Amino acid sequence: MTDIAFYHLQSVPLERALPKLLEKTLDAGKRALVLAGSQERVEALNGQLWTYAPDSWLPHGSIKDGEAEEQPVWLSTDDDNPNGAQFLFLTDGATSERVAEFERCFEIFNGREPAAVEAARERWKAYSEAGHDLTYWRQTDSGGWEKKEG
């Protein structure tokens with residue numbers, strides 16, 4: 001079963017939290033697929049990953065860049081895995097029918113939006129019933145992560 005970690009955004013938005021999680025993914029020698037809610041959001045995240053820190057370089061791409069198989073981080077709205085990612089990042093309420101095909105899944109949701117919190121609870125329940133290993137991380141005031149009981 002897939003290790004699924006829920007990341008509850010509280011103080012820092014996705015645009016600032018996602019790059020750090022992707023850096024750790026690449027440091028672990030893994031590839032990532034990031035699913036977003038719309039193509040516009042994919043392109044906004046694509047631009048953000050190039051500019052989130054002055055001294056950063058996070059190799060990634062989207063359909064507009066092409067050559068998915070060459071990209072260690074692929075941003076998309078399509079539920080496929082063209083870059084052979086081991087880690088799946090679900091953002092903006094995006095879902096995947098292929099969660100079980102990944103080593104890890106990161107469910108990142110906005111804790112300030114009641115609908116997003118409720119949707120995350122529903123996904124937690126479904127993943128639990130499917131037998132996946134679940135963990136819950138809540139964002140601290142400084143933007144770090146603290147593991148909590150689900």
# chains A, B, ... in the order shown; residues from 1 in each chain; ligands from 1
$ residues_around --residues "range 126-137 of chain A" --least-positions-apart "2" --cutoff "6 Å" --atoms "only C-alpha atoms" --output "PyMOL selection string"
chain A and resi 1-7+123-124+145-148+150
$ select_by_dssp --residues "range 30-81 of chain A" --states "helix (DSSP H, G or I)" --output "count of residues only"
16
$ closest_atom_pairs --of "range 65-146 of chain A" --to "range 29-36 of chain A" --cutoff "8 Å" --atoms "only C-alpha atoms" --output "tab-separated table"
residue	atom	partner	partner_atom	distance
A:Pro72	CA	A:Arg31	CA	4.8
A:Val73	CA	A:Ala32	CA	4.7
A:Trp74	CA	A:Leu33	CA	4.9
A:Leu75	CA	A:Val34	CA	4.7
A:Ser76	CA	A:Leu35	CA	5.1
A:Thr77	CA	A:Leu35	CA	5.2
A:Asp78	CA	A:Leu35	CA	7.2
A:Asp79	CA	A:Leu35	CA	7.5
A:Asn81	CA	A:Leu33	CA	6.8
A:Asn83	CA	A:Leu33	CA	7.5
A:Gly84	CA	A:Arg31	CA	7.0
A:Ala85	CA	A:Arg31	CA	4.4
A:Gln86	CA	A:Arg31	CA	5.6
A:Phe87	CA	A:Ala32	CA	4.8
A:Leu88	CA	A:Leu33	CA	5.0
A:Phe89	CA	A:Val34	CA	4.6
A:Leu90	CA	A:Leu35	CA	5.1
A:Thr91	CA	A:Ala36	CA	5.1
A:Asp92	CA	A:Ala36	CA	5.7
A:Gly93	CA	A:Ala36	CA	7.5
A:Ala94	CA	A:Ala36	CA	5.6
A:Thr95	CA	A:Leu35	CA	7.7
$ closest_residue --among "A:Leu18, A:Leu26, A:Cys105, A:Ala68" --to "Gln48 in chain A" --atoms "only C-alpha atoms"
A:Leu18
$ residues_around --residues "range 110-120 of chain A" --least-positions-apart "6" --cutoff "7 Å" --atoms "only C-alpha atoms" --output "number ranges by chain"
A: 8-10, 93
$ write_last_selection --atoms "N, CA and C atoms" --output "short mmCIF file (atom, residue, chain, number, x, y, z; two decimals), in the first residue's frame"
data_model
loop_
_atom_site.label_atom_id
_atom_site.label_comp_id
_atom_site.auth_asym_id
_atom_site.auth_seq_id
_atom_site.Cartn_x
_atom_site.Cartn_y
_atom_site.Cartn_z
N HIS A 8 -1.57 19.78 5.97
CA HIS A 8 -2.60 20.77 6.28
C HIS A 8 -1.95 22.16 6.29
N LEU A 9 -2.14 22.91 5.22
CA LEU A 9 -1.58 24.25 5.12
C LEU A 9 -2.33 25.19 6.06
N GLN A 10 -1.57 25.95 6.86
CA GLN A 10 -2.17 26.89 7.79
C GLN A 10 -1.59 28.30 7.62
N GLY A 93 -7.18 20.20 -4.38
CA GLY A 93 -8.28 19.26 -4.43
C GLY A 93 -8.19 18.26 -5.57
#
$ residues_around --residues "Asn46 in chain A" --least-positions-apart "3" --cutoff "9 Å" --atoms "only C-alpha atoms" --output "list in words"
Arg41, Val42, Glu43, Leu49, Trp50, His60, Gly61, Ser62 and Leu75 of chain A
$ write_last_selection --atoms "N, CA and C atoms" --output "short mmCIF file (atom, residue, chain, number, x, y, z; two decimals), in the first residue's frame"
data_model
loop_
_atom_site.label_atom_id
_atom_site.label_comp_id
_atom_site.auth_asym_id
_atom_site.auth_seq_id
_atom_site.Cartn_x
_atom_site.Cartn_y
_atom_site.Cartn_z
N ARG A 41 -3.39 26.87 -13.03
CA ARG A 41 -2.69 26.66 -11.76
C ARG A 41 -1.37 25.94 -12.01
N VAL A 42 -1.35 24.98 -12.93
CA VAL A 42 -0.10 24.30 -13.29
C VAL A 42 0.93 25.33 -13.74
N GLU A 43 0.54 26.22 -14.62
CA GLU A 43 1.49 27.21 -15.14
C GLU A 43 1.92 28.21 -14.07
N LEU A 49 8.02 27.78 -9.21
CA LEU A 49 9.14 26.88 -8.91
C LEU A 49 10.47 27.39 -9.47
N TRP A 50 10.41 28.26 -10.46
CA TRP A 50 11.64 28.87 -10.98
C TRP A 50 12.09 30.05 -10.13
N HIS A 60 12.09 21.09 -13.30
CA HIS A 60 10.70 20.68 -13.43
C HIS A 60 10.17 21.11 -14.78
N GLY A 61 8.97 20.66 -15.10
CA GLY A 61 8.34 21.07 -16.34
C GLY A 61 6.86 20.71 -16.35
N SER A 62 6.21 21.14 -17.43
CA SER A 62 4.79 20.87 -17.64
C SER A 62 4.59 20.58 -19.13
N LEU A 75 4.50 18.78 -13.60
CA LEU A 75 3.28 19.45 -13.16
C LEU A 75 2.19 19.21 -14.19
#
$ closest_residue --among "A:Phe102, A:Ser96, A:Thr140, A:Pro82" --to "Glu67 in chain A" --atoms "only C-alpha atoms"
A:Pro82
$ select_by_dssp --residues "chain A" --states "strand (DSSP E or B)" --output "JSON, numbers by chain"
{"A": [3, 4, 5, 6, 7, 8, 9, 32, 33, 34, 35, 61, 73, 74, 75, 76, 87, 88, 89, 90, 104, 105, 106, 107, 108, 109, 110, 133, 134, 135, 136, 137, 138, 139, 145, 146, 147, 148]}
$ atom_distance --atom1 "CA of Asp141 in chain A" --atom2 "CA of Glu107 in chain A"
19.5 Å
$ closest_residue --among "A:Ala100, A:Glu149, A:Leu14, A:Gly143" --to "Ala44 in chain A" --atoms "only C-alpha atoms"
A:Leu14
$ decode --residues "range 4-147 of chain A" --atoms "C-alpha atoms" --output "PDB file, in the first residue's frame"
ATOM      1  CA  ILE A   4      -0.159   8.814   2.133  1.00  0.00           C
ATOM      2  CA  ALA A   5       0.690  11.967   4.064  1.00  0.00           C
ATOM      3  CA  PHE A   6      -1.858  14.740   4.496  1.00  0.00           C
ATOM      4  CA  TYR A   7      -0.285  18.208   4.674  1.00  0.00           C
ATOM      5  CA  HIS A   8      -2.599  20.765   6.279  1.00  0.00           C
ATOM      6  CA  LEU A   9      -1.584  24.253   5.123  1.00  0.00           C
ATOM      7  CA  GLN A  10      -2.168  26.894   7.789  1.00  0.00           C
ATOM      8  CA  SER A  11       0.376  29.709   7.706  1.00  0.00           C
ATOM      9  CA  VAL A  12       2.286  29.394   4.428  1.00  0.00           C
ATOM     10  CA  PRO A  13       0.527  28.956   1.064  1.00  0.00           C
ATOM     11  CA  LEU A  14       1.112  26.088  -1.330  1.00  0.00           C
ATOM     12  CA  GLU A  15       3.411  28.258  -3.473  1.00  0.00           C
ATOM     13  CA  ARG A  16       5.881  28.486  -0.579  1.00  0.00           C
ATOM     14  CA  ALA A  17       5.376  25.021   0.939  1.00  0.00           C
ATOM     15  CA  LEU A  18       5.526  22.934  -2.249  1.00  0.00           C
ATOM     16  CA  PRO A  19       9.085  23.876  -3.314  1.00  0.00           C
ATOM     17  CA  LYS A  20      10.524  22.701   0.018  1.00  0.00           C
ATOM     18  CA  LEU A  21       8.691  19.371  -0.198  1.00  0.00           C
ATOM     19  CA  LEU A  22       9.883  18.906  -3.781  1.00  0.00           C
ATOM     20  CA  GLU A  23      13.472  19.727  -2.795  1.00  0.00           C
ATOM     21  CA  LYS A  24      13.318  16.950  -0.192  1.00  0.00           C
ATOM     22  CA  THR A  25      11.863  14.601  -2.797  1.00  0.00           C
ATOM     23  CA  LEU A  26      14.740  15.234  -5.199  1.00  0.00           C
ATOM     24  CA  ASP A  27      17.284  14.996  -2.354  1.00  0.00           C
ATOM     25  CA  ALA A  28      15.890  11.510  -1.667  1.00  0.00           C
ATOM     26  CA  GLY A  29      16.560  10.576  -5.294  1.00  0.00           C
ATOM     27  CA  LYS A  30      12.865  10.396  -6.212  1.00  0.00           C
ATOM     28  CA  ARG A  31      10.797  11.869  -9.009  1.00  0.00           C
ATOM     29  CA  ALA A  32       7.546  13.771  -8.423  1.00  0.00           C
ATOM     30  CA  LEU A  33       4.251  14.208 -10.203  1.00  0.00           C
ATOM     31  CA  VAL A  34       2.312  17.286  -9.046  1.00  0.00           C
ATOM     32  CA  LEU A  35      -1.380  17.350  -9.944  1.00  0.00           C
ATOM     33  CA  ALA A  36      -3.158  20.704  -9.776  1.00  0.00           C
ATOM     34  CA  GLY A  37      -6.774  21.747 -10.190  1.00  0.00           C
ATOM     35  CA  SER A  38      -6.416  23.563 -13.524  1.00  0.00           C
ATOM     36  CA  GLN A  39      -3.944  24.195 -16.339  1.00  0.00           C
ATOM     37  CA  GLU A  40      -3.716  27.831 -15.225  1.00  0.00           C
ATOM     38  CA  ARG A  41      -2.687  26.656 -11.764  1.00  0.00           C
ATOM     39  CA  VAL A  42      -0.100  24.301 -13.293  1.00  0.00           C
ATOM     40  CA  GLU A  43       1.487  27.205 -15.138  1.00  0.00           C
ATOM     41  CA  ALA A  44       1.396  29.447 -12.068  1.00  0.00           C
ATOM     42  CA  LEU A  45       3.176  26.750 -10.025  1.00  0.00           C
ATOM     43  CA  ASN A  46       5.583  26.180 -12.909  1.00  0.00           C
ATOM     44  CA  GLY A  47       6.620  29.831 -12.794  1.00  0.00           C
ATOM     45  CA  GLN A  48       6.765  29.857  -8.996  1.00  0.00           C
ATOM     46  CA  LEU A  49       9.141  26.880  -8.906  1.00  0.00           C
ATOM     47  CA  TRP A  50      11.644  28.867 -10.977  1.00  0.00           C
ATOM     48  CA  THR A  51      11.503  31.940  -8.741  1.00  0.00           C
ATOM     49  CA  TYR A  52      10.648  30.858  -5.167  1.00  0.00           C
ATOM     50  CA  ALA A  53      14.173  31.580  -3.866  1.00  0.00           C
ATOM     51  CA  PRO A  54      17.058  33.575  -5.392  1.00  0.00           C
ATOM     52  CA  ASP A  55      19.601  30.757  -5.022  1.00  0.00           C
ATOM     53  CA  SER A  56      17.311  27.850  -5.877  1.00  0.00           C
ATOM     54  CA  TRP A  57      17.142  25.573  -8.863  1.00  0.00           C
ATOM     55  CA  LEU A  58      14.411  22.967  -8.962  1.00  0.00           C
ATOM     56  CA  PRO A  59      14.298  21.095 -12.286  1.00  0.00           C
ATOM     57  CA  HIS A  60      10.700  20.681 -13.430  1.00  0.00           C
ATOM     58  CA  GLY A  61       8.335  21.067 -16.336  1.00  0.00           C
ATOM     59  CA  SER A  62       4.788  20.869 -17.641  1.00  0.00           C
ATOM     60  CA  ILE A  63       3.039  20.080 -20.902  1.00  0.00           C
ATOM     61  CA  LYS A  64       4.160  23.464 -22.280  1.00  0.00           C
ATOM     62  CA  ASP A  65       7.794  22.479 -21.674  1.00  0.00           C
ATOM     63  CA  GLY A  66       7.437  18.959 -23.062  1.00  0.00           C
ATOM     64  CA  GLU A  67       9.755  15.982 -22.639  1.00  0.00           C
ATOM     65  CA  ALA A  68       8.042  14.701 -19.489  1.00  0.00           C
ATOM     66  CA  GLU A  69      10.330  11.687 -19.263  1.00  0.00           C
ATOM     67  CA  GLU A  70      13.295  14.061 -18.782  1.00  0.00           C
ATOM     68  CA  GLN A  71      11.672  16.057 -15.970  1.00  0.00           C
ATOM     69  CA  PRO A  72      12.295  14.991 -12.340  1.00  0.00           C
ATOM     70  CA  VAL A  73       9.231  17.044 -11.336  1.00  0.00           C
ATOM     71  CA  TRP A  74       6.226  17.085 -13.663  1.00  0.00           C
ATOM     72  CA  LEU A  75       3.279  19.446 -13.156  1.00  0.00           C
ATOM     73  CA  SER A  76      -0.027  18.437 -14.694  1.00  0.00           C
ATOM     74  CA  THR A  77      -3.787  18.132 -14.495  1.00  0.00           C
ATOM     75  CA  ASP A  78      -3.757  14.696 -16.168  1.00  0.00           C
ATOM     76  CA  ASP A  79      -3.901  11.561 -14.043  1.00  0.00           C
ATOM     77  CA  ASP A  80      -1.009   9.818 -15.730  1.00  0.00           C
ATOM     78  CA  ASN A  81       2.663   9.426 -14.830  1.00  0.00           C
ATOM     79  CA  PRO A  82       4.723  10.415 -17.880  1.00  0.00           C
ATOM     80  CA  ASN A  83       7.937  11.105 -15.927  1.00  0.00           C
ATOM     81  CA  GLY A  84       7.980   7.818 -14.001  1.00  0.00           C
ATOM     82  CA  ALA A  85       7.462   9.547 -10.635  1.00  0.00           C
ATOM     83  CA  GLN A  86       7.543   7.591  -7.388  1.00  0.00           C
ATOM     84  CA  PHE A  87       5.953  10.418  -5.372  1.00  0.00           C
ATOM     85  CA  LEU A  88       2.553  11.952  -6.129  1.00  0.00           C
ATOM     86  CA  PHE A  89       1.569  15.440  -4.928  1.00  0.00           C
ATOM     87  CA  LEU A  90      -2.151  16.245  -4.984  1.00  0.00           C
ATOM     88  CA  THR A  91      -2.898  19.965  -4.699  1.00  0.00           C
ATOM     89  CA  ASP A  92      -5.959  22.206  -5.068  1.00  0.00           C
ATOM     90  CA  GLY A  93      -8.285  19.262  -4.432  1.00  0.00           C
ATOM     91  CA  ALA A  94      -6.903  17.293  -7.385  1.00  0.00           C
ATOM     92  CA  THR A  95      -7.486  13.548  -7.115  1.00  0.00           C
ATOM     93  CA  SER A  96      -5.962  10.466  -8.686  1.00  0.00           C
ATOM     94  CA  GLU A  97      -7.235   6.990  -9.413  1.00  0.00           C
ATOM     95  CA  ARG A  98      -3.595   5.840  -9.476  1.00  0.00           C
ATOM     96  CA  VAL A  99      -2.512   6.559  -5.883  1.00  0.00           C
ATOM     97  CA  ALA A 100      -1.669   2.886  -5.304  1.00  0.00           C
ATOM     98  CA  GLU A 101       0.934   3.040  -8.103  1.00  0.00           C
ATOM     99  CA  PHE A 102       3.139   5.462  -6.128  1.00  0.00           C
ATOM    100  CA  GLU A 103       5.455   4.900  -3.168  1.00  0.00           C
ATOM    101  CA  ARG A 104       4.199   8.056  -1.463  1.00  0.00           C
ATOM    102  CA  CYS A 105       1.329  10.462  -1.938  1.00  0.00           C
ATOM    103  CA  PHE A 106       1.251  13.981  -0.521  1.00  0.00           C
ATOM    104  CA  GLU A 107      -2.296  15.317  -0.057  1.00  0.00           C
ATOM    105  CA  ILE A 108      -1.761  19.064   0.379  1.00  0.00           C
ATOM    106  CA  PHE A 109      -4.832  21.058   1.332  1.00  0.00           C
ATOM    107  CA  ASN A 110      -5.678  24.583   2.460  1.00  0.00           C
ATOM    108  CA  GLY A 111      -6.698  24.503   6.126  1.00  0.00           C
ATOM    109  CA  ARG A 112      -8.322  27.920   5.822  1.00  0.00           C
ATOM    110  CA  GLU A 113     -10.965  26.679   3.396  1.00  0.00           C
ATOM    111  CA  PRO A 114     -13.708  24.644   5.123  1.00  0.00           C
ATOM    112  CA  ALA A 115     -14.613  22.846   1.876  1.00  0.00           C
ATOM    113  CA  ALA A 116     -10.977  21.779   1.373  1.00  0.00           C
ATOM    114  CA  VAL A 117     -10.777  20.488   4.943  1.00  0.00           C
ATOM    115  CA  GLU A 118     -13.995  18.508   4.540  1.00  0.00           C
ATOM    116  CA  ALA A 119     -12.813  17.049   1.223  1.00  0.00           C
ATOM    117  CA  ALA A 120      -9.517  16.032   2.854  1.00  0.00           C
ATOM    118  CA  ARG A 121     -11.441  14.260   5.625  1.00  0.00           C
ATOM    119  CA  GLU A 122     -13.428  12.335   3.035  1.00  0.00           C
ATOM    120  CA  ARG A 123     -10.254  11.324   1.176  1.00  0.00           C
ATOM    121  CA  TRP A 124      -8.642  10.273   4.498  1.00  0.00           C
ATOM    122  CA  LYS A 125     -11.598   7.999   5.188  1.00  0.00           C
ATOM    123  CA  ALA A 126     -11.501   6.466   1.689  1.00  0.00           C
ATOM    124  CA  TYR A 127      -7.731   5.895   1.837  1.00  0.00           C
ATOM    125  CA  SER A 128      -8.050   4.340   5.288  1.00  0.00           C
ATOM    126  CA  GLU A 129     -10.770   1.971   4.079  1.00  0.00           C
ATOM    127  CA  ALA A 130      -8.533   1.012   1.131  1.00  0.00           C
ATOM    128  CA  GLY A 131      -5.769   0.037   3.582  1.00  0.00           C
ATOM    129  CA  HIS A 132      -3.204   2.753   2.837  1.00  0.00           C
ATOM    130  CA  ASP A 133      -0.755   3.917   5.526  1.00  0.00           C
ATOM    131  CA  LEU A 134      -1.791   7.421   6.590  1.00  0.00           C
ATOM    132  CA  THR A 135      -0.046  10.261   8.412  1.00  0.00           C
ATOM    133  CA  TYR A 136      -1.178  13.797   9.154  1.00  0.00           C
ATOM    134  CA  TRP A 137       1.107  16.845   9.190  1.00  0.00           C
ATOM    135  CA  ARG A 138      -0.043  20.265  10.327  1.00  0.00           C
ATOM    136  CA  GLN A 139       1.838  23.396   9.338  1.00  0.00           C
ATOM    137  CA  THR A 140       3.397  25.398  12.168  1.00  0.00           C
ATOM    138  CA  ASP A 141       3.295  29.194  12.398  1.00  0.00           C
ATOM    139  CA  SER A 142       6.818  29.316  10.933  1.00  0.00           C
ATOM    140  CA  GLY A 143       5.861  27.163   7.932  1.00  0.00           C
ATOM    141  CA  GLY A 144       7.445  23.930   9.167  1.00  0.00           C
ATOM    142  CA  TRP A 145       5.559  20.679   9.714  1.00  0.00           C
ATOM    143  CA  GLU A 146       4.468  18.930  12.870  1.00  0.00           C
ATOM    144  CA  LYS A 147       3.203  15.359  12.814  1.00  0.00           C
TER     145      LYS A 147
END
